[in-house]
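Dropping upload15.csv in here (CSV, C-alpha atoms):
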```csv
chain,number,residue,atom,x,y,z
A,267,MET,CA,-52.6,-17.5,-110.6
A,268,LYS,CA,-54.1,-21.0,-110.0
A,269,ALA,CA,-51.7,-22.6,-112.5
A,270,LEU,CA,-48.8,-20.8,-111.0
A,271,TYR,CA,-49.8,-22.2,-107.6
A,272,PHE,CA,-50.0,-25.8,-108.7
A,273,LEU,CA,-46.8,-25.3,-110.7
A,274,SER,CA,-45.0,-24.2,-107.5
A,275,ILE,CA,-46.3,-27.3,-105.6
A,276,SER,CA,-45.2,-29.6,-108.4
A,277,LEU,CA,-41.8,-27.9,-108.6
A,278,ILE,CA,-41.2,-28.4,-104.9
A,279,PHE,CA,-42.1,-32.1,-105.2
A,280,PHE,CA,-40.0,-32.6,-108.3
A,281,LEU,CA,-37.0,-30.9,-106.8
A,282,GLY,CA,-37.4,-33.4,-103.9
A,283,CYS,CA,-37.6,-36.2,-106.5
A,284,SER,CA,-34.6,-35.1,-108.5
A,285,ASN,CA,-32.6,-35.0,-105.3
A,286,SER,CA,-33.8,-38.4,-104.3
A,287,ASN,CA,-32.8,-39.7,-107.7
A,288,GLN,CA,-29.3,-38.7,-106.8
A,289,LYS,CA,-29.7,-40.3,-103.5
A,290,ASN,CA,-31.0,-43.4,-105.2
A,291,THR,CA,-27.9,-43.6,-107.3
A,292,GLU,CA,-25.8,-43.5,-104.1
A,293,GLN,CA,-28.0,-46.1,-102.5
A,294,THR,CA,-27.7,-48.3,-105.6
A,295,ALA,CA,-24.0,-48.0,-105.4
A,296,SER,CA,-24.0,-49.1,-101.8
A,297,GLN,CA,-26.3,-52.0,-102.7
A,298,GLU,CA,-23.9,-53.0,-105.4
A,299,ILE,CA,-21.2,-53.1,-102.8
A,300,ALA,CA,-23.5,-55.1,-100.6
A,301,SER,CA,-24.3,-57.5,-103.5
A,302,THR,CA,-20.7,-58.1,-104.5
A,303,PRO,CA,-20.6,-61.8,-105.0
A,304,ILE,CA,-19.1,-63.5,-102.0
A,305,ASP,CA,-19.4,-67.1,-100.9
A,306,VAL,CA,-22.3,-67.9,-98.6
A,307,ILE,CA,-20.9,-69.6,-95.6
A,308,ASP,CA,-22.2,-71.1,-92.4
A,309,VAL,CA,-22.1,-69.4,-89.0
A,310,ALA,CA,-19.9,-72.2,-87.6
A,311,THR,CA,-17.3,-71.8,-90.4
A,312,VAL,CA,-16.7,-68.1,-89.4
A,313,LEU,CA,-16.6,-68.8,-85.7
A,314,ALA,CA,-14.1,-71.7,-86.3
A,315,ASP,CA,-11.5,-69.2,-87.6
A,316,PRO,CA,-12.6,-65.7,-86.4
A,317,VAL,CA,-9.2,-64.0,-86.8
A,318,ALA,CA,-9.3,-64.8,-90.5
A,319,TYR,CA,-12.7,-63.1,-91.0
A,320,ASP,CA,-12.1,-60.2,-88.6
A,321,GLY,CA,-13.2,-56.9,-90.4
A,322,LYS,CA,-14.1,-58.7,-93.6
A,323,GLU,CA,-17.4,-58.9,-95.4
A,324,VAL,CA,-19.2,-62.1,-95.0
A,325,ALA,CA,-22.5,-63.7,-96.2
A,326,LEU,CA,-23.8,-66.0,-93.5
A,327,LYS,CA,-26.5,-68.5,-93.8
A,328,GLY,CA,-28.4,-69.6,-90.8
A,329,THR,CA,-31.7,-69.8,-89.0
A,330,VAL,CA,-33.0,-66.8,-87.0
A,331,VAL,CA,-33.6,-68.0,-83.5
A,332,HIS,CA,-34.1,-64.7,-81.8
A,333,VAL,CA,-35.0,-61.1,-82.8
A,334,CYS,CA,-34.6,-58.4,-80.2
A,335,LYS,CA,-38.2,-57.8,-79.0
A,336,HIS,CA,-37.7,-54.2,-77.9
A,337,SER,CA,-35.8,-52.7,-80.7
A,338,GLY,CA,-35.5,-55.2,-83.5
A,339,LYS,CA,-32.0,-53.9,-83.9
A,340,ARG,CA,-30.3,-57.3,-83.7
A,341,LEU,CA,-31.0,-61.0,-84.2
A,342,HIS,CA,-29.3,-64.3,-83.4
A,343,LEU,CA,-28.4,-66.6,-86.3
A,344,LEU,CA,-28.0,-70.3,-85.6
A,345,GLY,CA,-25.5,-72.3,-87.6
A,346,SER,CA,-26.3,-75.6,-89.3
A,347,ASP,CA,-24.7,-77.5,-86.4
A,348,GLN,CA,-27.7,-76.2,-84.4
A,349,LYS,CA,-25.3,-75.0,-81.7
A,350,THR,CA,-23.3,-72.1,-82.9
A,351,ARG,CA,-25.0,-68.7,-82.7
A,352,LEU,CA,-23.9,-65.3,-83.9
A,353,ARG,CA,-25.4,-61.9,-83.3
A,354,ILE,CA,-26.3,-59.8,-86.4
A,355,GLU,CA,-26.6,-56.0,-85.7
A,356,ALA,CA,-29.2,-54.4,-88.0
A,357,GLY,CA,-26.9,-51.5,-88.9
A,358,GLU,CA,-27.7,-50.3,-92.4
A,359,ILE,CA,-30.7,-52.7,-92.5
A,360,GLY,CA,-32.5,-50.6,-89.9
A,361,GLN,CA,-34.7,-53.1,-88.0
A,362,PHE,CA,-35.5,-56.8,-88.1
A,363,GLY,CA,-39.2,-57.9,-88.0
A,364,ARG,CA,-40.3,-60.4,-85.4
A,365,GLU,CA,-41.6,-62.6,-88.3
A,366,LEU,CA,-38.1,-63.5,-89.1
A,367,GLU,CA,-37.8,-65.9,-86.1
A,368,GLY,CA,-37.6,-69.4,-87.4
A,369,SER,CA,-36.7,-68.3,-91.0
A,370,GLU,CA,-33.6,-69.2,-92.8
A,371,ILE,CA,-31.7,-66.1,-94.0
A,372,VAL,CA,-28.5,-65.1,-95.7
A,373,ALA,CA,-27.2,-62.1,-93.9
A,374,LYS,CA,-24.5,-60.0,-95.4
A,375,GLY,CA,-22.3,-57.7,-93.3
A,376,ILE,CA,-18.9,-57.0,-91.7
A,377,PHE,CA,-17.7,-59.6,-89.2
A,378,ARG,CA,-16.4,-58.0,-86.0
A,379,ARG,CA,-14.2,-59.5,-83.3
A,380,GLU,CA,-13.5,-57.9,-80.0
A,381,VAL,CA,-10.9,-59.2,-77.6
A,382,ILE,CA,-11.7,-58.8,-73.9
A,383,ASP,CA,-8.5,-59.0,-71.9
A,384,GLU,CA,-7.2,-57.5,-68.7
A,385,ALA,CA,-6.1,-54.3,-70.4
A,386,TYR,CA,-9.6,-53.9,-72.0
A,387,LEU,CA,-11.2,-54.3,-68.6
A,388,ALA,CA,-8.8,-52.0,-66.8
A,389,LYS,CA,-9.5,-49.3,-69.4
A,390,TRP,CA,-13.3,-49.9,-69.0
A,391,ALA,CA,-13.0,-49.6,-65.2
A,392,THR,CA,-11.0,-46.3,-65.4
A,393,GLU,CA,-13.6,-44.9,-67.8
A,394,LEU,CA,-16.4,-45.9,-65.5
A,395,GLU,CA,-14.7,-44.3,-62.6
A,396,ASN,CA,-14.2,-41.0,-64.5
A,397,ASP,CA,-17.8,-41.1,-65.8
A,398,GLY,CA,-19.0,-41.6,-62.2
A,399,SER,CA,-17.0,-38.6,-60.9
A,400,GLU,CA,-18.3,-36.5,-63.8
A,401,GLN,CA,-21.9,-37.8,-63.1
A,402,HIS,CA,-22.5,-39.1,-66.7
A,403,LYS,CA,-23.7,-42.4,-65.3
A,404,THR,CA,-26.2,-43.2,-62.6
A,405,HIS,CA,-25.1,-45.2,-59.6
A,406,GLU,CA,-27.2,-48.1,-60.8
A,407,GLU,CA,-25.5,-48.1,-64.2
A,408,GLN,CA,-22.1,-48.0,-62.5
A,409,THR,CA,-22.8,-50.9,-60.2
A,410,GLN,CA,-24.2,-52.9,-63.1
A,411,GLN,CA,-21.1,-52.3,-65.2
A,412,GLN,CA,-18.8,-53.0,-62.3
A,413,GLY,CA,-20.6,-56.3,-61.9
A,414,GLN,CA,-20.1,-57.0,-65.6
A,415,ILE,CA,-16.4,-56.3,-65.4
A,416,GLN,CA,-16.1,-58.6,-62.4
A,417,GLN,CA,-18.0,-61.3,-64.3
A,418,TYR,CA,-15.7,-61.0,-67.3
A,419,ARG,CA,-12.7,-61.3,-65.0
A,420,GLU,CA,-14.0,-64.5,-63.5
A,421,MET,CA,-14.8,-65.9,-67.0
A,422,MET,CA,-11.3,-65.0,-68.2
A,423,GLN,CA,-9.7,-67.0,-65.4
A,424,GLU,CA,-11.5,-70.1,-66.7
A,425,THR,CA,-10.0,-69.6,-70.2
A,426,GLU,CA,-6.7,-71.1,-71.3
A,427,ASP,CA,-5.4,-68.0,-73.1
A,428,GLY,CA,-6.6,-65.5,-70.4
A,429,HIS,CA,-9.0,-63.5,-72.7
A,430,LEU,CA,-12.5,-63.6,-74.0
A,431,GLN,CA,-13.8,-62.8,-77.4
A,432,ASN,CA,-17.0,-61.1,-78.5
A,433,PHE,CA,-18.2,-61.7,-82.1
A,434,TRP,CA,-20.9,-60.0,-84.1
A,435,VAL,CA,-21.7,-58.9,-87.7
A,436,ASP,CA,-22.6,-55.3,-88.6
A,437,GLY,CA,-25.4,-56.0,-91.0
A,438,ILE,CA,-25.6,-54.6,-94.5
A,439,SER,CA,-28.4,-56.6,-96.1
A,440,PHE,CA,-30.2,-59.9,-95.8
A,441,GLN,CA,-32.6,-62.1,-97.6
A,442,THR,CA,-34.8,-64.9,-96.5
A,443,VAL,CA,-34.3,-68.4,-98.0
A,444,ASP,CA,-37.3,-70.7,-98.4
A,445,ASN,CA,-37.0,-73.0,-95.4
A,446,GLU,CA,-40.1,-75.0,-95.0
A,447,GLU,CA,-39.3,-78.2,-93.2
A,448,GLU,CA,-39.3,-81.3,-95.4
A,449,ILE,CA,-41.3,-84.3,-94.2
B,188,MET,CA,-53.1,-7.8,-110.8
B,189,LYS,CA,-53.0,-7.0,-107.1
B,190,ILE,CA,-52.1,-10.0,-105.0
B,191,SER,CA,-54.1,-10.5,-101.8
B,192,TRP,CA,-51.5,-12.0,-99.4
B,193,TRP,CA,-54.2,-12.9,-97.0
B,194,LYS,CA,-56.1,-14.9,-99.6
B,195,LEU,CA,-52.9,-16.6,-100.8
B,196,ASN,CA,-52.1,-17.5,-97.2
B,197,ASN,CA,-55.6,-19.1,-96.7
B,198,ILE,CA,-55.4,-21.0,-100.0
B,199,LEU,CA,-52.0,-22.3,-99.1
B,200,HIS,CA,-53.2,-23.3,-95.6
B,201,ARG,CA,-56.3,-25.0,-96.9
B,202,ASP,CA,-54.6,-27.0,-99.7
B,203,VAL,CA,-51.4,-28.0,-97.9
B,204,GLY,CA,-53.7,-29.1,-95.1
B,205,TYR,CA,-55.8,-31.2,-97.5
B,206,PHE,CA,-52.8,-32.6,-99.2
B,207,PHE,CA,-51.1,-33.7,-96.0
B,208,PHE,CA,-54.2,-35.1,-94.3
B,209,GLY,CA,-53.1,-38.7,-94.8
B,210,MET,CA,-49.6,-38.0,-93.6
B,211,THR,CA,-50.9,-36.2,-90.5
B,212,ILE,CA,-53.0,-39.2,-89.5
B,213,ILE,CA,-50.0,-41.6,-90.2
B,214,TYR,CA,-47.6,-39.6,-88.1
B,215,ALA,CA,-50.1,-38.7,-85.3
B,216,VAL,CA,-51.4,-42.2,-84.8
B,217,SER,CA,-47.9,-43.9,-85.0
B,218,GLY,CA,-46.5,-41.0,-82.8
B,219,ILE,CA,-48.9,-42.0,-80.0
B,220,ALA,CA,-48.2,-45.7,-80.5
B,221,LEU,CA,-44.4,-45.2,-80.4
B,222,ASN,CA,-44.6,-42.7,-77.6
B,223,HIS,CA,-45.7,-45.5,-75.3
B,224,ILE,CA,-43.3,-48.1,-76.5
B,225,THR,CA,-42.2,-49.0,-73.0
B,226,ASP,CA,-45.8,-49.9,-72.0
B,227,TRP,CA,-46.7,-52.0,-75.0
B,228,ASP,CA,-45.5,-53.4,-78.3
B,229,PRO,CA,-46.9,-51.0,-80.9
B,230,ASN,CA,-46.2,-53.4,-83.8
B,231,TYR,CA,-47.3,-56.8,-82.6
B,232,ILE,CA,-50.1,-58.5,-80.6
B,233,ILE,CA,-48.2,-61.0,-78.5
B,234,GLU,CA,-50.1,-63.7,-76.6
B,235,ASN,CA,-48.7,-66.4,-74.4
B,236,ARG,CA,-50.4,-69.5,-73.1
B,237,ASN,CA,-49.2,-72.5,-71.2
B,238,VAL,CA,-49.5,-75.9,-72.9
B,239,GLN,CA,-49.1,-79.5,-71.8
B,240,VAL,CA,-48.4,-82.3,-74.2
B,241,ASP,CA,-48.2,-86.0,-73.7
B,242,LYS,CA,-44.5,-86.5,-72.8
B,243,ALA,CA,-44.5,-89.9,-74.4
B,244,SER,CA,-44.9,-88.1,-77.8
B,245,LEU,CA,-41.7,-86.2,-77.2
B,246,THR,CA,-38.2,-87.5,-78.1
B,247,PRO,CA,-34.8,-85.8,-78.0
B,248,SER,CA,-34.6,-85.7,-81.8
B,249,MET,CA,-37.9,-85.4,-83.5
B,250,ASN,CA,-38.4,-85.3,-87.2
B,251,ALA,CA,-40.7,-82.9,-89.2
B,252,ARG,CA,-43.5,-85.5,-89.3
B,253,GLN,CA,-43.5,-85.9,-85.5
B,254,ILE,CA,-43.5,-82.1,-85.1
B,255,ILE,CA,-46.6,-81.9,-87.3
B,256,ASP,CA,-48.4,-84.5,-85.1
B,257,LEU,CA,-47.3,-82.5,-82.0
B,258,ILE,CA,-48.7,-79.3,-83.4
B,259,ASP,CA,-52.0,-81.1,-84.4
B,260,GLN,CA,-52.2,-82.5,-80.8
B,261,LEU,CA,-52.3,-78.9,-79.6
B,262,ASN,CA,-54.8,-77.7,-82.2
B,263,ILE,CA,-52.5,-75.1,-83.5
B,264,SER,CA,-53.4,-73.9,-87.0
B,265,LYS,CA,-50.2,-72.1,-87.7
B,266,LYS,CA,-47.7,-73.4,-90.3
B,267,ILE,CA,-44.4,-74.9,-89.1
B,268,LYS,CA,-41.3,-73.1,-90.1
B,269,LYS,CA,-38.5,-74.9,-88.3
B,270,HIS,CA,-37.6,-76.7,-85.1
B,271,TYR,CA,-34.5,-77.1,-83.1
B,272,TYR,CA,-33.2,-78.0,-79.6
B,273,PRO,CA,-31.6,-75.0,-77.8
B,274,ASN,CA,-30.5,-77.4,-75.1
B,275,PRO,CA,-31.1,-81.2,-74.6
B,276,SER,CA,-34.3,-80.7,-72.6
B,277,THR,CA,-35.9,-78.0,-74.7
B,278,LEU,CA,-37.6,-78.2,-78.0
B,279,LYS,CA,-38.4,-75.0,-79.9
B,280,VAL,CA,-40.8,-75.0,-82.9
B,281,PHE,CA,-41.0,-71.8,-84.9
B,282,LEU,CA,-44.4,-71.2,-86.5
B,283,GLU,CA,-45.7,-68.7,-89.0
B,284,GLY,CA,-46.5,-66.0,-86.4
B,285,GLY,CA,-45.2,-67.5,-83.2
B,286,ALA,CA,-43.2,-70.2,-81.5
B,287,LEU,CA,-43.8,-73.2,-79.3
B,288,THR,CA,-41.3,-74.0,-76.5
B,289,LEU,CA,-41.5,-77.3,-74.8
B,290,ASN,CA,-39.7,-79.1,-72.0
B,291,VAL,CA,-39.2,-82.6,-73.6
B,292,ARG,CA,-38.9,-84.2,-70.2
B,293,THR,CA,-42.1,-82.9,-68.7
B,294,GLY,CA,-44.2,-82.1,-71.7
B,295,LEU,CA,-44.8,-78.6,-70.3
B,296,GLY,CA,-44.3,-75.5,-72.3
B,297,PHE,CA,-45.8,-72.3,-73.7
B,298,LEU,CA,-47.1,-71.1,-77.0
B,299,GLU,CA,-46.3,-67.6,-78.0
B,300,THR,CA,-48.4,-66.1,-80.9
B,301,VAL,CA,-47.2,-63.0,-82.7
B,302,ASP,CA,-49.5,-61.1,-85.0
B,303,ARG,CA,-49.0,-57.8,-86.7
B,304,ARG,CA,-51.3,-55.0,-85.3
B,305,PRO,CA,-53.5,-54.1,-88.3
B,306,PHE,CA,-52.9,-50.5,-89.4
B,307,LEU,CA,-50.5,-49.6,-86.6
B,308,TYR,CA,-47.8,-51.9,-88.0
B,309,GLU,CA,-48.0,-50.2,-91.4
B,310,VAL,CA,-48.1,-46.6,-90.0
B,311,ASN,CA,-45.2,-47.4,-87.6
B,312,TYR,CA,-43.3,-48.8,-90.5
B,313,LEU,CA,-43.6,-45.5,-92.4
B,314,HIS,CA,-42.9,-43.5,-89.3
B,315,TYR,CA,-39.6,-45.4,-88.7
B,316,ASN,CA,-38.7,-44.7,-92.3
B,317,HIS,CA,-37.9,-48.3,-93.1
B,318,THR,CA,-38.8,-47.8,-96.8
B,319,LYS,CA,-36.1,-45.0,-97.1
B,320,PHE,CA,-35.4,-43.7,-100.6
B,321,LEU,CA,-38.3,-41.4,-101.8
B,322,TRP,CA,-40.1,-41.7,-98.5
B,323,THR,CA,-37.3,-39.8,-96.8
B,324,TRP,CA,-37.9,-36.9,-99.1
B,325,PHE,CA,-41.7,-37.0,-99.0
B,326,SER,CA,-41.7,-37.1,-95.2
B,327,ASP,CA,-39.2,-34.1,-95.2
B,328,LEU,CA,-41.6,-32.3,-97.5
B,329,TYR,CA,-44.4,-33.1,-95.0
B,330,ALA,CA,-42.3,-31.6,-92.2
B,331,VAL,CA,-41.9,-28.4,-94.3
B,332,GLY,CA,-45.6,-28.5,-95.0
B,333,LEU,CA,-46.2,-28.6,-91.2
B,334,VAL,CA,-44.1,-25.5,-90.7
B,335,LEU,CA,-46.0,-23.9,-93.5
B,336,LEU,CA,-49.4,-24.9,-92.0
B,337,ALA,CA,-48.3,-23.5,-88.6
B,338,ILE,CA,-47.2,-20.2,-90.0
B,339,THR,CA,-50.1,-19.7,-92.4
B,340,GLY,CA,-52.5,-20.9,-89.7
B,341,LEU,CA,-51.6,-17.8,-87.6
B,342,PHE,CA,-53.0,-15.5,-90.2
B,343,VAL,CA,-56.2,-17.3,-91.4
B,344,LEU,CA,-58.6,-15.3,-89.3
B,345,LYS,CA,-59.2,-11.6,-89.1
B,346,GLY,CA,-61.0,-9.5,-86.5
B,347,LYS,CA,-61.5,-10.4,-82.8
B,348,ASN,CA,-60.2,-14.0,-83.3
B,349,SER,CA,-57.1,-13.0,-85.2
B,350,PHE,CA,-53.6,-13.9,-84.2
B,351,ARG,CA,-53.0,-10.4,-82.7
B,352,LYS,CA,-56.1,-10.3,-80.6
B,353,ARG,CA,-56.6,-13.9,-79.5
B,354,GLY,CA,-54.2,-16.3,-81.2
B,355,ILE,CA,-51.0,-14.9,-79.6
B,356,TRP,CA,-52.0,-16.0,-76.1
B,357,PHE,CA,-52.6,-19.6,-77.3
B,358,VAL,CA,-49.3,-19.5,-79.3
B,359,LEU,CA,-47.5,-18.3,-76.2
B,360,ALA,CA,-49.1,-20.9,-73.9
B,361,GLY,CA,-48.3,-23.7,-76.4
B,362,THR,CA,-44.7,-22.6,-76.7
B,363,LEU,CA,-44.3,-22.1,-73.0
B,364,ILE,CA,-45.2,-25.7,-72.1
B,365,PRO,CA,-42.2,-27.4,-74.0
B,366,LEU,CA,-39.9,-24.6,-72.6
B,367,ILE,CA,-41.0,-25.4,-69.0
B,368,PHE,CA,-40.2,-29.1,-69.6
B,369,LEU,CA,-36.8,-28.1,-71.0
B,370,LEU,CA,-36.1,-25.9,-67.9
B,371,VAL,CA,-37.2,-28.6,-65.5
B,372,TYR,CA,-35.6,-31.7,-67.1
B,373,LEU,CA,-32.7,-30.6,-69.2
```
Translate the structure described by the file into structure tokens.
Amino acid sequence: MKALYFLSISLIFFLGCSNSNQKNTEQTASQEIASTPIDVIDVATVLADPVAYDGKEVALKGTVVHVCKHSGKRLHLLGSDQKTRLRIEAGEIGQFGRELEGSEIVAKGIFRREVIDEAYLAKWATELENDGSEQHKTHEEQTQQQGQIQQYREMMQETEDGHLQNFWVDGISFQTVDNEEEI
Amino acid sequence: MKISWWKLNNILHRDVGYFFFGMTIIYAVSGIALNHITDWDPNYIIENRNVQVDKASLTPSMNARQIIDLIDQLNISKKIKKHYYPNPSTLKVFLEGGALTLNVRTGLGFLETVDRRPFLYEVNYLHYNHTKFLWTWFSDLYAVGLVLLAITGLFVLKGKNSFRKRGIWFVLAGTLIPLIFLLVYL
């Protein structure tokens, strides 16, 4: 009876393990996709020609200058020109640790580009109005977002082509690079 | 052989309880820590202090040697990782476990130190399932174990303290509380 009992416990655990082996295979496959050799490029290179990289997998090297304090769900990567910054969303990575601030990393992910033009803002405003009437959003949220729309409109007026662009990377994986300052 | 279901129930309750002792501590402690995430940082101890350095020692483009001297001047024992200028008047020095931000024109700034909370960082890491892979399955197994503990727990005692005579009222009260919250807030 005792043996049967321990056997049952072991069986439950091993069933879990065998399933997880299957999961591991899937995970390995996704890691292999993530580790497909692609050229490591600088943040500034991507932002110099964002249309060419839109929706493509990139491996970006840069210094982590900010990690979201509340969630760790995103970080800002600084390019080698010390001016260009790009947001990396944790995505499949899960969460970024605060210790990454100041570290040089290579982040792999899908580069995303969003064009903010008048049509985009008009759609947003309509959705906001509908949400308000259906009470999905609080008055405070509505006011905040209306302010944001207005701010984007003002910013758009100052641009030559009449639209703004938002860039980020949906992270797949990352690794730190040894980056102690040389004296 | 006649199986005593009551005995089997108690054995199961006892041994599953023993086996998942560690998991219960991990999830309970991190559960409390993460439940109050809006009030504190459950993973890091963050301290800020204002600093003042001799502004003559600051230049708009300092090299690594000068940064080391600057850190020494402030008696900071942390290792330097990197430095950069977010804007012409600000110098940011990243340290192992913190950062120093200085106004290069005034010499005023602040030092932020970030240290992992011992034990809590680790249990929160597991609670968030950052390890993934096997941990996902083991924590699922723990959840099944909790259900098993709850059910078998109902039938451990016989007599006046049994589920039928005493336990039922506690079960009802404990179930009613979340239901009241749902009725009020949902």
Handout entry: Contact residues around Thr246 of chain B with all atoms listed in the file at 10 Å, ignoring same-chain residues under 3 positions, as a ChimeraX atom specification
Key = /B:242-243,249-250,253,276,278,291-292
Please report, as a tab-separated table, each residue of chain B lying at most 8 Å from chain A, together with the nearest pair of atoms and the separation in Å rounded to one decimal; use all atoms listed in the file, and order rows by chain and ascending residue number.
```
residue	atom	partner	partner_atom	distance
B:Asp228	CA	A:His336	CA	7.9
B:Asn250	CA	A:Ile449	CA	7.6
B:Ala251	CA	A:Ile449	CA	5.2
B:Arg252	CA	A:Ile449	CA	5.5
B:Ile267	CA	A:Glu446	CA	7.3
B:Lys268	CA	A:Glu446	CA	5.4
B:Lys269	CA	A:Gly368	CA	5.6
B:His270	CA	A:Gly368	CA	7.7
B:Tyr271	CA	A:Gln348	CA	7.0
B:Tyr272	CA	A:Gln348	CA	7.5
B:Pro273	CA	A:Lys349	CA	7.4
B:Val280	CA	A:Gly368	CA	7.9
B:Phe281	CA	A:Gly368	CA	4.9
B:Leu282	CA	A:Gly368	CA	7.1
B:Glu283	CA	A:Glu365	CA	7.4
B:Gly284	CA	A:Glu365	CA	6.3
B:Gly285	CA	A:Glu365	CA	7.9
B:Val301	CA	A:Arg364	CA	7.9
B:His317	CA	A:Gly360	CA	6.7
B:Phe320	CA	A:Asn290	CA	6.4
B:Leu321	CA	A:Ser286	CA	6.0
B:Trp324	CA	A:Gly282	CA	6.0
B:Phe325	CA	A:Gly282	CA	7.4
B:Leu328	CA	A:Phe279	CA	7.7
```
Nearest to Ile213 of chain B: which of B:Asn237, B:Thr362, B:Ser326, B:Thr288 is it, counting all atoms listed in the file?
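With all atoms listed in the file as the atom set, the closest residue is B:Ser326.
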Just to confirm, what's the straight-line distance from atom CA of Leu335 of chain B to atom CA of Asn196 of chain B in Å (one decimal)?
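Atom CA of Asn196 of chain B lies at a distance of 9.6 Å from atom CA of Leu335 of chain B.
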(Q) From the options B:Val310, B:Leu195, B:Thr300, B:Ile367, which residue's atoms come nearest to Leu221 of chain B, counting all atoms listed in the file? (A)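 When distances to Leu221 of chain B are compared using all atoms listed in the file, the smallest one comes from B:Val310.
You will find atom CA of Thr339 of chain B at 16.5 Å from atom CA of Leu359 of chain B.
For the pair atom CA of Gly345 of chain A and atom CA of Asp308 of chain A, the interatomic distance is 5.9 Å.
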Compile the contact shell of Phe433 of chain A as a list in words: residues with an atom at most 9 Å away, counting all atoms listed in the file, same-chain residues fewer than 4 positions apart removed. Leu313, Pro316, Leu352, Arg353, Phe377, Arg378, Arg379, Glu380 and Val381 of chain A
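Using all atoms listed in the file, the contacts of Ile382 of chain A at a cut-off of 10 Å, with sequence neighbours closer than 2 positions omitted, comprise Arg379, Glu380, Glu384, Ala385, Tyr386, Leu387, Tyr418, Arg419, Met422, Gly428, His429, Leu430, Gln431 and Asn432 of chain A.
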Would you write out those residues with C-alpha atoms, as a tab-separated table (two decimals), in the coordinates of the input?
```tsv
chain	number	residue	atom	x	y	z
A	379	ARG	CA	-14.20	-59.50	-83.30
A	380	GLU	CA	-13.50	-57.90	-80.00
A	384	GLU	CA	-7.20	-57.50	-68.70
A	385	ALA	CA	-6.10	-54.30	-70.40
A	386	TYR	CA	-9.60	-53.90	-72.00
A	387	LEU	CA	-11.20	-54.30	-68.60
A	418	TYR	CA	-15.70	-61.00	-67.30
A	419	ARG	CA	-12.70	-61.30	-65.00
A	422	MET	CA	-11.30	-65.00	-68.20
A	428	GLY	CA	-6.60	-65.50	-70.40
A	429	HIS	CA	-9.00	-63.50	-72.70
A	430	LEU	CA	-12.50	-63.60	-74.00
A	431	GLN	CA	-13.80	-62.80	-77.40
A	432	ASN	CA	-17.00	-61.10	-78.50
```
Judged by all atoms listed in the file, the minimum distance to Gln239 of chain B among B:Thr293, B:Lys352, B:Met210, B:Lys265 is found for B:Thr293
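Taking all atoms listed in the file into account, Gly332 of chain B lies nearest to B:Asp202 out of the set B:Asp202, B:Asp241, B:Asp226, B:Glu234.
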field: Nearest residue to Gly340 of chain B from the set B:Tyr308, B:Tyr372, B:Phe208, B:Trp193 (distances using all atoms listed in the file)
entry: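 Result for the nearest residue to Gly340 of chain B: B:Trp193.
Nearest to Thr409 of chain A of all the residues A:Glu424, A:Asp436, A:Glu395, A:Asp305 is A:Glu395, based on all atoms listed in the file.
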| message | I want to know what sits within 10 Å of Gly357 of chain A, based on only C-alpha atoms, with residues of the same chain fewer than 3 positions away left out; could you give that as a count of residues only? | response | 11
Assuming the input is short of atoms at segment 201-208 of chain B, produce N, CA, C and O atoms for that part as a PDB file, in the coordinates of the input.
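part-v3.pdb, written as the output of this step:
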```
ATOM      1  N   ARG B 201     -55.201 -24.033 -96.637  1.00  0.00           N
ATOM      2  CA  ARG B 201     -56.300 -25.000 -96.900  1.00  0.00           C
ATOM      3  C   ARG B 201     -55.738 -26.180 -97.745  1.00  0.00           C
ATOM      4  O   ARG B 201     -55.904 -27.330 -97.358  1.00  0.00           O
ATOM      5  N   ASP B 202     -55.015 -25.875 -98.836  1.00  0.00           N
ATOM      6  CA  ASP B 202     -54.600 -27.000 -99.700  1.00  0.00           C
ATOM      7  C   ASP B 202     -53.471 -27.814 -99.214  1.00  0.00           C
ATOM      8  O   ASP B 202     -53.451 -29.023 -99.427  1.00  0.00           O
ATOM      9  N   VAL B 203     -52.536 -27.182 -98.533  1.00  0.00           N
ATOM     10  CA  VAL B 203     -51.400 -28.000 -97.900  1.00  0.00           C
ATOM     11  C   VAL B 203     -52.052 -28.866 -96.843  1.00  0.00           C
ATOM     12  O   VAL B 203     -51.680 -30.030 -96.704  1.00  0.00           O
ATOM     13  N   GLY B 204     -53.038 -28.333 -96.133  1.00  0.00           N
ATOM     14  CA  GLY B 204     -53.700 -29.100 -95.100  1.00  0.00           C
ATOM     15  C   GLY B 204     -54.454 -30.313 -95.712  1.00  0.00           C
ATOM     16  O   GLY B 204     -54.359 -31.427 -95.208  1.00  0.00           O
ATOM     17  N   TYR B 205     -55.133 -30.067 -96.825  1.00  0.00           N
ATOM     18  CA  TYR B 205     -55.800 -31.200 -97.500  1.00  0.00           C
ATOM     19  C   TYR B 205     -54.810 -32.214 -97.972  1.00  0.00           C
ATOM     20  O   TYR B 205     -54.976 -33.413 -97.769  1.00  0.00           O
ATOM     21  N   PHE B 206     -53.745 -31.714 -98.632  1.00  0.00           N
ATOM     22  CA  PHE B 206     -52.800 -32.600 -99.200  1.00  0.00           C
ATOM     23  C   PHE B 206     -52.101 -33.510 -98.195  1.00  0.00           C
ATOM     24  O   PHE B 206     -51.854 -34.687 -98.436  1.00  0.00           O
ATOM     25  N   PHE B 207     -51.806 -32.958 -97.030  1.00  0.00           N
ATOM     26  CA  PHE B 207     -51.100 -33.700 -96.000  1.00  0.00           C
ATOM     27  C   PHE B 207     -52.001 -34.358 -94.964  1.00  0.00           C
ATOM     28  O   PHE B 207     -51.518 -34.766 -93.910  1.00  0.00           O
ATOM     29  N   PHE B 208     -53.290 -34.442 -95.266  1.00  0.00           N
ATOM     30  CA  PHE B 208     -54.200 -35.100 -94.300  1.00  0.00           C
ATOM     31  C   PHE B 208     -53.761 -36.476 -93.946  1.00  0.00           C
ATOM     32  O   PHE B 208     -53.627 -36.828 -92.778  1.00  0.00           O
TER      33      PHE B 208
END
```
